[in-house]
Number of protein chains: 2
Amino acid sequence: MSKIELNKRQEQIVEIVKENGPITGEQIADHLHLTRATLRPDLAILTMAGFLEARPRVGYYYTGKQDTQLLAEELKKLQVKDHQSIPIVVSVNVSVYDAICTMFLEDVGTLFVVDDQTYLVGVLSRKDLLRASLGKQDLTSIPVNIIMTRMPNITTCRQDDLIVDVANALIDKQIDALPVVKDTGNGFEVIGRITKTNMTKILVSFANDV
Amino acid sequence: MSKIELNKRQEQIVEIVKENGPITGEQIADHLHLTRATLRPDLAILTMAGFLEARPRVGYYYTGKQDTQLLAEELKKLQVKDHQSIPIVVSVNVSVYDAICTMFLEDVGTLFVVDDQTYLVGVLSRKDLLRASLGKQDLTSIPVNIIMTRMPNITTCRQDDLIVDVANALIDKQIDALPVVKDTGNGFEVIGRITKTNMTKILVSFANDV
């Protein structure tokens, strides 16, 4: 697939067919005050490129393939594994204070909480930690498992999931990040992190790809 | 512009020209064990659609227009005003505690701080508020102007800025949101908020646009 740029007359023809189709070549020529023969090469290009279709004894009509369809097709090829970030995990035994420190040290917005076998048991967002910090308690004495979102309420994804599905989940669930997991049979191993930052980077990379 | 789908033979021709161009029609026909006459319609389509160019006495060569270029062009049309969210502002006189409460009530990740004339003077992220909450002080007694990012260190954007430029700024500056501002001459009025969530929504909307 490739782009094809239309000249001014070809664009006029597309507009006429959009408005009036199905319409014969003769009638298009009348609209433009030109002869049918003059238009023949333009109509051939427009038909071959898929803008118009021609049906015998009916005329030309507009097929309406759009750039945005192409864009959607490109986006739907992207997989998590090519865009994920490194996951930052903390043990389920650490305090809220330690979790906040880890968040700043690692400069991430979401931490994944794992048990002694390093299986996923919880998620901590900045929002969770901020909410906890509003309380009057000493943050060093509250364990993260009191405030974390826990299994099975965690939305996860796999490496071969599609980016568009993850983007949808982030918006639907109103969260900033998903853990990328591998199912070991005994539990989920956390092998990645995919965030709204990754989504923003994908937009930037597409825009710069010229 | 529109997409054009190539048939198998046309794709073969493109590959041959990519590898061997400039190459004559005769030579392409040899590669495919076909006659030059058989290939004529395909070569005409490929040339008109911009995949190949033909130069007299030289032959066909590959022009290499790609889908991703088209994608970039589409993305570069998007403007802030069509994708921004409502800004949530707090007065420069409120406490960190009140700011955190506002953040939860309004369910946003970034607050904009305004002075008595409602001009932008600061930005508060969840990260700023979380950092403040690590201290031992009473959050109700710390004014937000102690901890906020202040002018002129605030990255702002305008309604007619391009989404790709904002996306770039979000990644470059490692921030979650920008205020959309209008310059009144005396200061910036905050008229919108644009975030990584908006960027993720743009990805989703493109993917669903079929």
# chains A, B, ... in the order shown; residues from 1 in each chain; ligands from 1
$ calpha_fit_and_write --fixed "chain B" --moving "chain A" --output "mmCIF file with C-alpha atoms, in the first residue's frame"
data_model
loop_
_atom_site.group_PDB
_atom_site.id
_atom_site.type_symbol
_atom_site.label_atom_id
_atom_site.label_comp_id
_atom_site.auth_asym_id
_atom_site.auth_seq_id
_atom_site.Cartn_x
_atom_site.Cartn_y
_atom_site.Cartn_z
ATOM 1 C CA MET A 1 -5.029 10.195 -1.046
ATOM 2 C CA SER A 2 -6.161 6.620 -0.657
ATOM 3 C CA LYS A 3 -4.750 3.194 -0.167
ATOM 4 C CA ILE A 4 -4.199 0.894 -3.055
ATOM 5 C CA GLU A 5 -3.838 -2.839 -2.562
ATOM 6 C CA LEU A 6 -1.409 -4.591 -4.830
ATOM 7 C CA ASN A 7 -1.919 -8.058 -6.207
ATOM 8 C CA LYS A 8 0.745 -10.721 -5.813
ATOM 9 C CA ARG A 9 2.436 -10.031 -9.138
ATOM 10 C CA GLN A 10 2.536 -6.288 -8.499
ATOM 11 C CA GLU A 11 4.177 -6.930 -5.137
ATOM 12 C CA GLN A 12 6.753 -9.149 -6.832
ATOM 13 C CA ILE A 13 7.512 -6.393 -9.301
ATOM 14 C CA VAL A 14 7.991 -3.858 -6.498
ATOM 15 C CA GLU A 15 10.398 -6.256 -4.761
ATOM 16 C CA ILE A 16 12.371 -6.818 -7.959
ATOM 17 C CA VAL A 17 12.675 -3.093 -8.611
ATOM 18 C CA LYS A 18 13.633 -2.448 -4.975
ATOM 19 C CA GLU A 19 16.468 -4.977 -5.267
ATOM 20 C CA ASN A 20 17.635 -4.321 -8.803
ATOM 21 C CA GLY A 21 16.431 -0.891 -9.850
ATOM 22 C CA PRO A 22 16.940 0.966 -12.093
ATOM 23 C CA ILE A 23 15.806 -1.930 -14.225
ATOM 24 C CA THR A 24 14.061 -2.103 -17.601
ATOM 25 C CA GLY A 25 10.630 -3.604 -18.199
ATOM 26 C CA GLU A 26 12.300 -6.295 -20.301
ATOM 27 C CA GLN A 27 14.526 -7.293 -17.373
ATOM 28 C CA ILE A 28 11.631 -7.349 -14.917
ATOM 29 C CA ALA A 29 9.773 -9.619 -17.329
ATOM 30 C CA ASP A 30 12.804 -11.938 -17.470
ATOM 31 C CA HIS A 31 12.872 -12.179 -13.670
ATOM 32 C CA LEU A 32 9.262 -13.295 -13.675
ATOM 33 C CA HIS A 33 9.506 -15.516 -16.788
ATOM 34 C CA LEU A 34 6.761 -13.465 -18.395
ATOM 35 C CA THR A 35 6.563 -11.273 -21.470
ATOM 36 C CA ARG A 36 6.939 -7.502 -21.346
ATOM 37 C CA ALA A 37 3.396 -7.202 -22.774
ATOM 38 C CA THR A 38 1.905 -9.207 -19.898
ATOM 39 C CA LEU A 39 3.474 -6.847 -17.374
ATOM 40 C CA ARG A 40 2.438 -3.643 -19.104
ATOM 41 C CA PRO A 41 -0.817 -3.079 -17.108
ATOM 42 C CA ASP A 42 0.906 -3.836 -13.784
ATOM 43 C CA LEU A 43 3.774 -1.462 -14.532
ATOM 44 C CA ALA A 44 1.267 1.220 -15.520
ATOM 45 C CA ILE A 45 -0.605 0.880 -12.225
ATOM 46 C CA LEU A 46 2.571 0.840 -10.140
ATOM 47 C CA THR A 47 3.850 3.937 -11.872
ATOM 48 C CA MET A 48 0.580 5.846 -11.626
ATOM 49 C CA ALA A 49 0.164 4.949 -7.975
ATOM 50 C CA GLY A 50 3.622 6.279 -7.232
ATOM 51 C CA PHE A 51 5.336 3.045 -6.221
ATOM 52 C CA LEU A 52 7.690 3.153 -9.180
ATOM 53 C CA GLU A 53 9.021 5.834 -11.419
ATOM 54 C CA ALA A 54 10.066 5.222 -14.988
ATOM 55 C CA ARG A 55 12.849 7.162 -16.653
ATOM 56 C CA PRO A 56 13.388 6.842 -20.428
ATOM 57 C CA ARG A 57 16.506 4.850 -21.363
ATOM 58 C CA VAL A 58 17.168 4.137 -17.649
ATOM 59 C CA GLY A 59 14.285 2.000 -16.478
ATOM 60 C CA TYR A 60 12.067 1.654 -13.435
ATOM 61 C CA TYR A 61 13.165 2.575 -9.935
ATOM 62 C CA TYR A 62 11.507 2.421 -6.548
ATOM 63 C CA THR A 63 10.178 5.648 -5.026
ATOM 64 C CA GLY A 64 9.496 4.158 -1.608
ATOM 65 C CA LYS A 65 6.534 6.148 -0.386
ATOM 66 C CA GLN A 66 5.473 4.548 2.851
ATOM 67 C CA ASP A 67 2.362 4.236 4.969
ATOM 68 C CA THR A 68 4.146 5.714 7.948
ATOM 69 C CA GLN A 69 4.677 8.979 6.068
ATOM 70 C CA LEU A 70 0.948 9.189 5.625
ATOM 71 C CA LEU A 71 0.430 8.479 9.308
ATOM 72 C CA ALA A 72 2.818 11.286 10.218
ATOM 73 C CA GLU A 73 0.918 13.681 7.968
ATOM 74 C CA GLU A 74 -2.379 12.769 9.634
ATOM 75 C CA LEU A 75 -0.941 13.177 13.133
ATOM 76 C CA LYS A 76 0.538 16.545 12.272
ATOM 77 C CA LYS A 77 -2.926 17.938 11.565
ATOM 78 C CA LEU A 78 -4.125 17.497 15.175
ATOM 79 C CA GLN A 79 -4.386 20.559 17.385
ATOM 80 C CA VAL A 80 -4.569 20.947 21.151
ATOM 81 C CA LYS A 81 -7.995 22.592 21.108
ATOM 82 C CA ASP A 82 -9.674 19.477 19.720
ATOM 83 C CA HIS A 83 -8.249 17.127 22.360
ATOM 84 C CA GLN A 84 -7.769 19.115 25.568
ATOM 85 C CA SER A 85 -9.493 18.451 28.902
ATOM 86 C CA ILE A 86 -10.947 20.825 31.476
ATOM 87 C CA PRO A 87 -8.279 22.348 33.754
ATOM 88 C CA ILE A 88 -8.583 22.020 37.528
ATOM 89 C CA VAL A 89 -7.113 24.971 39.386
ATOM 90 C CA VAL A 90 -6.425 25.735 43.043
ATOM 91 C CA SER A 91 -5.551 29.010 44.707
ATOM 92 C CA VAL A 92 -1.931 29.636 45.622
ATOM 93 C CA ASN A 93 -3.129 30.062 49.225
ATOM 94 C CA VAL A 94 -4.434 26.510 49.830
ATOM 95 C CA SER A 95 -2.536 23.861 51.807
ATOM 96 C CA VAL A 96 -0.886 20.754 50.390
ATOM 97 C CA TYR A 97 -3.563 18.726 52.201
ATOM 98 C CA ASP A 98 -6.356 20.623 50.434
ATOM 99 C CA ALA A 99 -4.595 20.244 47.088
ATOM 100 C CA ILE A 100 -4.389 16.459 47.539
ATOM 101 C CA CYS A 101 -8.106 16.392 48.426
ATOM 102 C CA THR A 102 -8.939 18.429 45.292
ATOM 103 C CA MET A 103 -6.850 16.035 43.206
ATOM 104 C CA PHE A 104 -8.904 13.095 44.492
ATOM 105 C CA LEU A 105 -12.257 14.866 44.253
ATOM 106 C CA GLU A 106 -11.623 15.953 40.670
ATOM 107 C CA ASP A 107 -9.767 12.747 39.811
ATOM 108 C CA VAL A 108 -6.891 14.435 37.976
ATOM 109 C CA GLY A 109 -3.141 13.912 38.073
ATOM 110 C CA THR A 110 -2.130 17.568 37.759
ATOM 111 C CA LEU A 111 -3.443 20.777 39.340
ATOM 112 C CA PHE A 112 -2.740 24.299 38.142
ATOM 113 C CA VAL A 113 -2.123 26.965 40.764
ATOM 114 C CA VAL A 114 -3.461 30.482 40.182
ATOM 115 C CA ASP A 115 -3.054 33.813 41.956
ATOM 116 C CA ASP A 116 -5.803 36.220 43.038
ATOM 117 C CA GLN A 117 -6.250 37.435 39.435
ATOM 118 C CA THR A 118 -6.595 33.755 38.339
ATOM 119 C CA TYR A 119 -3.317 33.915 36.423
ATOM 120 C CA LEU A 120 -1.137 30.813 36.299
ATOM 121 C CA VAL A 121 1.629 30.809 38.920
ATOM 122 C CA GLY A 122 2.332 27.111 39.501
ATOM 123 C CA VAL A 123 1.783 23.438 38.693
ATOM 124 C CA LEU A 124 1.300 20.561 41.139
ATOM 125 C CA SER A 125 1.790 16.965 40.014
ATOM 126 C CA ARG A 126 0.996 13.808 42.001
ATOM 127 C CA LYS A 127 4.740 13.405 42.261
ATOM 128 C CA ASP A 128 5.136 16.855 43.885
ATOM 129 C CA LEU A 129 2.396 16.091 46.402
ATOM 130 C CA LEU A 130 3.729 12.610 47.141
ATOM 131 C CA ARG A 131 7.206 14.044 47.771
ATOM 132 C CA ALA A 132 5.741 16.586 50.185
ATOM 133 C CA SER A 133 3.856 13.863 52.015
ATOM 134 C CA LEU A 134 7.114 12.027 52.768
ATOM 135 C CA GLY A 135 8.151 14.821 55.125
ATOM 136 C CA LYS A 136 7.231 14.716 58.780
ATOM 137 C CA GLN A 137 5.312 18.000 58.639
ATOM 138 C CA ASP A 138 1.554 18.430 58.938
ATOM 139 C CA LEU A 139 0.273 18.688 55.347
ATOM 140 C CA THR A 140 -2.503 21.089 56.379
ATOM 141 C CA SER A 141 0.124 23.647 57.425
ATOM 142 C CA ILE A 142 2.260 23.643 54.251
ATOM 143 C CA PRO A 143 1.063 26.061 51.542
ATOM 144 C CA VAL A 144 1.224 24.739 47.976
ATOM 145 C CA ASN A 145 3.468 27.575 46.845
ATOM 146 C CA ILE A 146 6.339 25.976 48.818
ATOM 147 C CA ILE A 147 6.281 22.793 46.745
ATOM 148 C CA MET A 148 4.818 23.737 43.366
ATOM 149 C CA THR A 149 6.742 24.137 40.112
ATOM 150 C CA ARG A 150 6.526 27.866 39.467
ATOM 151 C CA MET A 151 6.665 30.293 36.563
ATOM 152 C CA PRO A 152 8.836 30.676 34.495
ATOM 153 C CA ASN A 153 9.722 26.973 34.838
ATOM 154 C CA ILE A 154 6.296 25.825 33.663
ATOM 155 C CA THR A 155 5.975 24.402 30.156
ATOM 156 C CA THR A 156 2.743 25.714 28.648
ATOM 157 C CA CYS A 157 0.968 25.358 25.332
ATOM 158 C CA ARG A 158 -1.632 27.218 23.273
ATOM 159 C CA GLN A 159 -4.910 25.960 21.802
ATOM 160 C CA ASP A 160 -3.600 26.040 18.260
ATOM 161 C CA ASP A 161 -0.371 24.208 19.075
ATOM 162 C CA LEU A 162 0.089 20.835 17.438
ATOM 163 C CA ILE A 163 -0.573 17.664 19.406
ATOM 164 C CA VAL A 164 2.745 16.208 18.232
ATOM 165 C CA ASP A 165 4.637 19.151 19.714
ATOM 166 C CA VAL A 166 2.835 18.732 23.033
ATOM 167 C CA ALA A 167 3.515 14.967 22.997
ATOM 168 C CA ASN A 168 7.176 15.735 22.402
ATOM 169 C CA ALA A 169 7.232 18.211 25.306
ATOM 170 C CA LEU A 170 5.577 15.691 27.673
ATOM 171 C CA ILE A 171 8.254 13.108 26.842
ATOM 172 C CA ASP A 172 11.176 15.570 26.831
ATOM 173 C CA LYS A 173 10.280 17.225 30.124
ATOM 174 C CA GLN A 174 9.069 13.965 31.706
ATOM 175 C CA ILE A 175 5.772 15.436 32.836
ATOM 176 C CA ASP A 176 2.204 14.158 32.706
ATOM 177 C CA ALA A 177 0.330 17.294 31.679
ATOM 178 C CA LEU A 178 0.630 20.806 30.258
ATOM 179 C CA PRO A 179 -1.643 23.741 30.957
ATOM 180 C CA VAL A 180 -3.285 25.213 27.864
ATOM 181 C CA VAL A 181 -3.006 28.971 28.328
ATOM 182 C CA LYS A 182 -4.148 32.239 26.805
ATOM 183 C CA ASP A 183 -1.820 35.207 27.147
ATOM 184 C CA THR A 184 -3.838 38.172 28.418
ATOM 185 C CA GLY A 185 -0.892 40.549 28.425
ATOM 186 C CA ASN A 186 -0.868 40.626 32.235
ATOM 187 C CA GLY A 187 -0.504 36.868 32.716
ATOM 188 C CA PHE A 188 -1.544 33.451 31.510
ATOM 189 C CA GLU A 189 -5.167 32.446 31.868
ATOM 190 C CA VAL A 190 -5.513 28.632 32.137
ATOM 191 C CA ILE A 191 -8.104 27.466 29.623
ATOM 192 C CA GLY A 192 -7.296 23.756 29.316
ATOM 193 C CA ARG A 193 -5.251 20.748 30.324
ATOM 194 C CA ILE A 194 -3.571 18.294 27.982
ATOM 195 C CA THR A 195 -2.166 15.035 29.305
ATOM 196 C CA LYS A 196 -0.726 11.644 28.448
ATOM 197 C CA THR A 197 -4.280 10.376 28.882
ATOM 198 C CA ASN A 198 -5.372 12.622 25.993
ATOM 199 C CA MET A 199 -2.482 11.203 23.936
ATOM 200 C CA THR A 200 -3.583 7.642 24.714
ATOM 201 C CA LYS A 201 -7.154 8.533 23.723
ATOM 202 C CA ILE A 202 -5.896 9.879 20.395
ATOM 203 C CA LEU A 203 -4.186 6.535 19.707
ATOM 204 C CA VAL A 204 -7.401 4.691 20.569
ATOM 205 C CA SER A 205 -9.535 6.983 18.420
ATOM 206 C CA PHE A 206 -7.261 6.476 15.413
ATOM 207 C CA ALA A 207 -7.313 2.719 15.876
ATOM 208 C CA ASN A 208 -11.111 2.643 16.091
ATOM 209 C CA ASP A 209 -11.631 4.898 13.097
ATOM 210 C CA VAL A 210 -12.450 2.197 10.564
#
$ select_by_dssp --residues "segment 54-172 of chain B" --states "helix (DSSP H, G or I)" --output "PyMOL selection string"
chain B and resi 67-75+80-82+96-106+126-134+139-141+144-146+163-172
$ select_by_dssp --residues "segment 52-176 of chain B" --states "strand (DSSP E or B)" --output "ChimeraX atom specification"
/B:52-55,59-62,79,85,89-91,95,110-114,119-125,143,149-150,157,162
$ decode --residues "segment 28-69 of chain A" --atoms "N, CA and C atoms" --output "PDB file, in the first residue's frame"
ATOM      1  N   ILE A  28     -19.981  13.437 -15.693  1.00  0.00           N
ATOM      2  CA  ILE A  28     -18.850  14.062 -14.989  1.00  0.00           C
ATOM      3  C   ILE A  28     -18.204  15.092 -15.911  1.00  0.00           C
ATOM      4  N   ALA A  29     -18.029  14.714 -17.162  1.00  0.00           N
ATOM      5  CA  ALA A  29     -17.424  15.618 -18.146  1.00  0.00           C
ATOM      6  C   ALA A  29     -18.257  16.900 -18.282  1.00  0.00           C
ATOM      7  N   ASP A  30     -19.579  16.746 -18.305  1.00  0.00           N
ATOM      8  CA  ASP A  30     -20.466  17.916 -18.380  1.00  0.00           C
ATOM      9  C   ASP A  30     -20.236  18.867 -17.205  1.00  0.00           C
ATOM     10  N   HIS A  31     -20.178  18.273 -16.005  1.00  0.00           N
ATOM     11  CA  HIS A  31     -19.934  19.083 -14.794  1.00  0.00           C
ATOM     12  C   HIS A  31     -18.693  19.944 -14.940  1.00  0.00           C
ATOM     13  N   LEU A  32     -17.675  19.372 -15.563  1.00  0.00           N
ATOM     14  CA  LEU A  32     -16.383  20.062 -15.638  1.00  0.00           C
ATOM     15  C   LEU A  32     -16.206  20.833 -16.953  1.00  0.00           C
ATOM     16  N   HIS A  33     -17.234  20.804 -17.815  1.00  0.00           N
ATOM     17  CA  HIS A  33     -17.143  21.458 -19.126  1.00  0.00           C
ATOM     18  C   HIS A  33     -15.938  20.948 -19.904  1.00  0.00           C
ATOM     19  N   LEU A  34     -15.747  19.641 -19.844  1.00  0.00           N
ATOM     20  CA  LEU A  34     -14.663  19.000 -20.586  1.00  0.00           C
ATOM     21  C   LEU A  34     -15.260  17.853 -21.395  1.00  0.00           C
ATOM     22  N   THR A  35     -14.423  17.268 -22.271  1.00  0.00           N
ATOM     23  CA  THR A  35     -14.929  16.115 -23.017  1.00  0.00           C
ATOM     24  C   THR A  35     -14.645  14.835 -22.235  1.00  0.00           C
ATOM     25  N   ARG A  36     -15.417  13.827 -22.515  1.00  0.00           N
ATOM     26  CA  ARG A  36     -15.237  12.502 -21.910  1.00  0.00           C
ATOM     27  C   ARG A  36     -13.812  11.986 -22.162  1.00  0.00           C
ATOM     28  N   ALA A  37     -13.299  12.251 -23.379  1.00  0.00           N
ATOM     29  CA  ALA A  37     -11.961  11.762 -23.755  1.00  0.00           C
ATOM     30  C   ALA A  37     -10.878  12.399 -22.885  1.00  0.00           C
ATOM     31  N   THR A  38     -11.041  13.660 -22.567  1.00  0.00           N
ATOM     32  CA  THR A  38     -10.058  14.370 -21.732  1.00  0.00           C
ATOM     33  C   THR A  38      -9.978  13.742 -20.339  1.00  0.00           C
ATOM     34  N   LEU A  39     -11.128  13.297 -19.857  1.00  0.00           N
ATOM     35  CA  LEU A  39     -11.180  12.746 -18.490  1.00  0.00           C
ATOM     36  C   LEU A  39     -10.720  11.304 -18.395  1.00  0.00           C
ATOM     37  N   ARG A  40     -10.611  10.639 -19.558  1.00  0.00           N
ATOM     38  CA  ARG A  40     -10.393   9.187 -19.516  1.00  0.00           C
ATOM     39  C   ARG A  40      -9.171   8.793 -18.648  1.00  0.00           C
ATOM     40  N   PRO A  41      -8.004   9.445 -18.811  1.00  0.00           N
ATOM     41  CA  PRO A  41      -6.856   9.040 -17.978  1.00  0.00           C
ATOM     42  C   PRO A  41      -7.109   9.254 -16.478  1.00  0.00           C
ATOM     43  N   ASP A  42      -7.763  10.371 -16.132  1.00  0.00           N
ATOM     44  CA  ASP A  42      -8.040  10.636 -14.716  1.00  0.00           C
ATOM     45  C   ASP A  42      -8.969   9.586 -14.135  1.00  0.00           C
ATOM     46  N   LEU A  43     -10.018   9.246 -14.891  1.00  0.00           N
ATOM     47  CA  LEU A  43     -10.962   8.233 -14.397  1.00  0.00           C
ATOM     48  C   LEU A  43     -10.284   6.875 -14.252  1.00  0.00           C
ATOM     49  N   ALA A  44      -9.342   6.594 -15.152  1.00  0.00           N
ATOM     50  CA  ALA A  44      -8.613   5.322 -15.072  1.00  0.00           C
ATOM     51  C   ALA A  44      -7.777   5.270 -13.796  1.00  0.00           C
ATOM     52  N   ILE A  45      -7.083   6.362 -13.513  1.00  0.00           N
ATOM     53  CA  ILE A  45      -6.247   6.407 -12.298  1.00  0.00           C
ATOM     54  C   ILE A  45      -7.109   6.284 -11.047  1.00  0.00           C
ATOM     55  N   LEU A  46      -8.194   7.051 -11.006  1.00  0.00           N
ATOM     56  CA  LEU A  46      -9.053   7.046  -9.817  1.00  0.00           C
ATOM     57  C   LEU A  46      -9.677   5.673  -9.576  1.00  0.00           C
ATOM     58  N   THR A  47      -9.963   4.982 -10.646  1.00  0.00           N
ATOM     59  CA  THR A  47     -10.554   3.655 -10.510  1.00  0.00           C
ATOM     60  C   THR A  47      -9.500   2.643 -10.058  1.00  0.00           C
ATOM     61  N   MET A  48      -8.314   2.731 -10.680  1.00  0.00           N
ATOM     62  CA  MET A  48      -7.264   1.774 -10.315  1.00  0.00           C
ATOM     63  C   MET A  48      -6.772   1.987  -8.886  1.00  0.00           C
ATOM     64  N   ALA A  49      -6.766   3.227  -8.460  1.00  0.00           N
ATOM     65  CA  ALA A  49      -6.285   3.528  -7.109  1.00  0.00           C
ATOM     66  C   ALA A  49      -7.340   3.256  -6.048  1.00  0.00           C
ATOM     67  N   GLY A  50      -8.546   2.920  -6.493  1.00  0.00           N
ATOM     68  CA  GLY A  50      -9.566   2.518  -5.530  1.00  0.00           C
ATOM     69  C   GLY A  50     -10.436   3.641  -5.000  1.00  0.00           C
ATOM     70  N   PHE A  51     -10.271   4.849  -5.531  1.00  0.00           N
ATOM     71  CA  PHE A  51     -11.136   5.948  -5.093  1.00  0.00           C
ATOM     72  C   PHE A  51     -12.559   5.743  -5.599  1.00  0.00           C
ATOM     73  N   LEU A  52     -12.638   5.353  -6.878  1.00  0.00           N
ATOM     74  CA  LEU A  52     -13.927   5.183  -7.528  1.00  0.00           C
ATOM     75  C   LEU A  52     -14.067   3.749  -7.998  1.00  0.00           C
ATOM     76  N   GLU A  53     -15.326   3.314  -8.085  1.00  0.00           N
ATOM     77  CA  GLU A  53     -15.564   2.072  -8.801  1.00  0.00           C
ATOM     78  C   GLU A  53     -16.505   2.367  -9.952  1.00  0.00           C
ATOM     79  N   ALA A  54     -16.337   1.615 -11.020  1.00  0.00           N
ATOM     80  CA  ALA A  54     -17.168   1.819 -12.202  1.00  0.00           C
ATOM     81  C   ALA A  54     -18.000   0.570 -12.408  1.00  0.00           C
ATOM     82  N   ARG A  55     -19.297   0.761 -12.615  1.00  0.00           N
ATOM     83  CA  ARG A  55     -20.157  -0.392 -12.880  1.00  0.00           C
ATOM     84  C   ARG A  55     -20.825  -0.168 -14.240  1.00  0.00           C
ATOM     85  N   PRO A  56     -20.741  -1.169 -15.137  1.00  0.00           N
ATOM     86  CA  PRO A  56     -21.291  -0.993 -16.486  1.00  0.00           C
ATOM     87  C   PRO A  56     -22.770  -0.607 -16.437  1.00  0.00           C
ATOM     88  N   ARG A  57     -23.163   0.314 -17.261  1.00  0.00           N
ATOM     89  CA  ARG A  57     -24.541   0.795 -17.385  1.00  0.00           C
ATOM     90  C   ARG A  57     -25.049   1.499 -16.107  1.00  0.00           C
ATOM     91  N   VAL A  58     -24.204   1.693 -15.115  1.00  0.00           N
ATOM     92  CA  VAL A  58     -24.614   2.416 -13.905  1.00  0.00           C
ATOM     93  C   VAL A  58     -23.791   3.701 -13.793  1.00  0.00           C
ATOM     94  N   GLY A  59     -22.470   3.523 -13.829  1.00  0.00           N
ATOM     95  CA  GLY A  59     -21.608   4.694 -13.762  1.00  0.00           C
ATOM     96  C   GLY A  59     -20.585   4.557 -12.641  1.00  0.00           C
ATOM     97  N   TYR A  60     -19.975   5.676 -12.313  1.00  0.00           N
ATOM     98  CA  TYR A  60     -18.941   5.713 -11.284  1.00  0.00           C
ATOM     99  C   TYR A  60     -19.573   5.998  -9.932  1.00  0.00           C
ATOM    100  N   TYR A  61     -19.056   5.332  -8.893  1.00  0.00           N
ATOM    101  CA  TYR A  61     -19.459   5.710  -7.538  1.00  0.00           C
ATOM    102  C   TYR A  61     -18.232   5.711  -6.625  1.00  0.00           C
ATOM    103  N   TYR A  62     -18.400   6.395  -5.504  1.00  0.00           N
ATOM    104  CA  TYR A  62     -17.288   6.645  -4.595  1.00  0.00           C
ATOM    105  C   TYR A  62     -17.142   5.489  -3.621  1.00  0.00           C
ATOM    106  N   THR A  63     -15.910   4.992  -3.451  1.00  0.00           N
ATOM    107  CA  THR A  63     -15.698   3.854  -2.551  1.00  0.00           C
ATOM    108  C   THR A  63     -15.284   4.294  -1.158  1.00  0.00           C
ATOM    109  N   GLY A  64     -14.723   5.517  -1.068  1.00  0.00           N
ATOM    110  CA  GLY A  64     -14.500   6.116   0.244  1.00  0.00           C
ATOM    111  C   GLY A  64     -13.491   5.436   1.140  1.00  0.00           C
ATOM    112  N   LYS A  65     -12.441   4.895   0.582  1.00  0.00           N
ATOM    113  CA  LYS A  65     -11.359   4.405   1.441  1.00  0.00           C
ATOM    114  C   LYS A  65     -10.618   5.601   2.014  1.00  0.00           C
ATOM    115  N   GLN A  66     -10.343   5.538   3.298  1.00  0.00           N
ATOM    116  CA  GLN A  66      -9.818   6.721   3.976  1.00  0.00           C
ATOM    117  C   GLN A  66      -8.467   6.445   4.611  1.00  0.00           C
ATOM    118  N   ASP A  67      -7.719   7.528   4.779  1.00  0.00           N
ATOM    119  CA  ASP A  67      -6.415   7.456   5.439  1.00  0.00           C
ATOM    120  C   ASP A  67      -6.509   6.859   6.839  1.00  0.00           C
ATOM    121  N   THR A  68      -7.608   7.229   7.542  1.00  0.00           N
ATOM    122  CA  THR A  68      -7.687   6.805   8.931  1.00  0.00           C
ATOM    123  C   THR A  68      -7.832   5.290   9.057  1.00  0.00           C
ATOM    124  N   GLN A  69      -8.396   4.651   7.998  1.00  0.00           N
ATOM    125  CA  GLN A  69      -8.470   3.194   8.021  1.00  0.00           C
ATOM    126  C   GLN A  69      -7.072   2.590   8.008  1.00  0.00           C
TER     127      GLN A  69
END
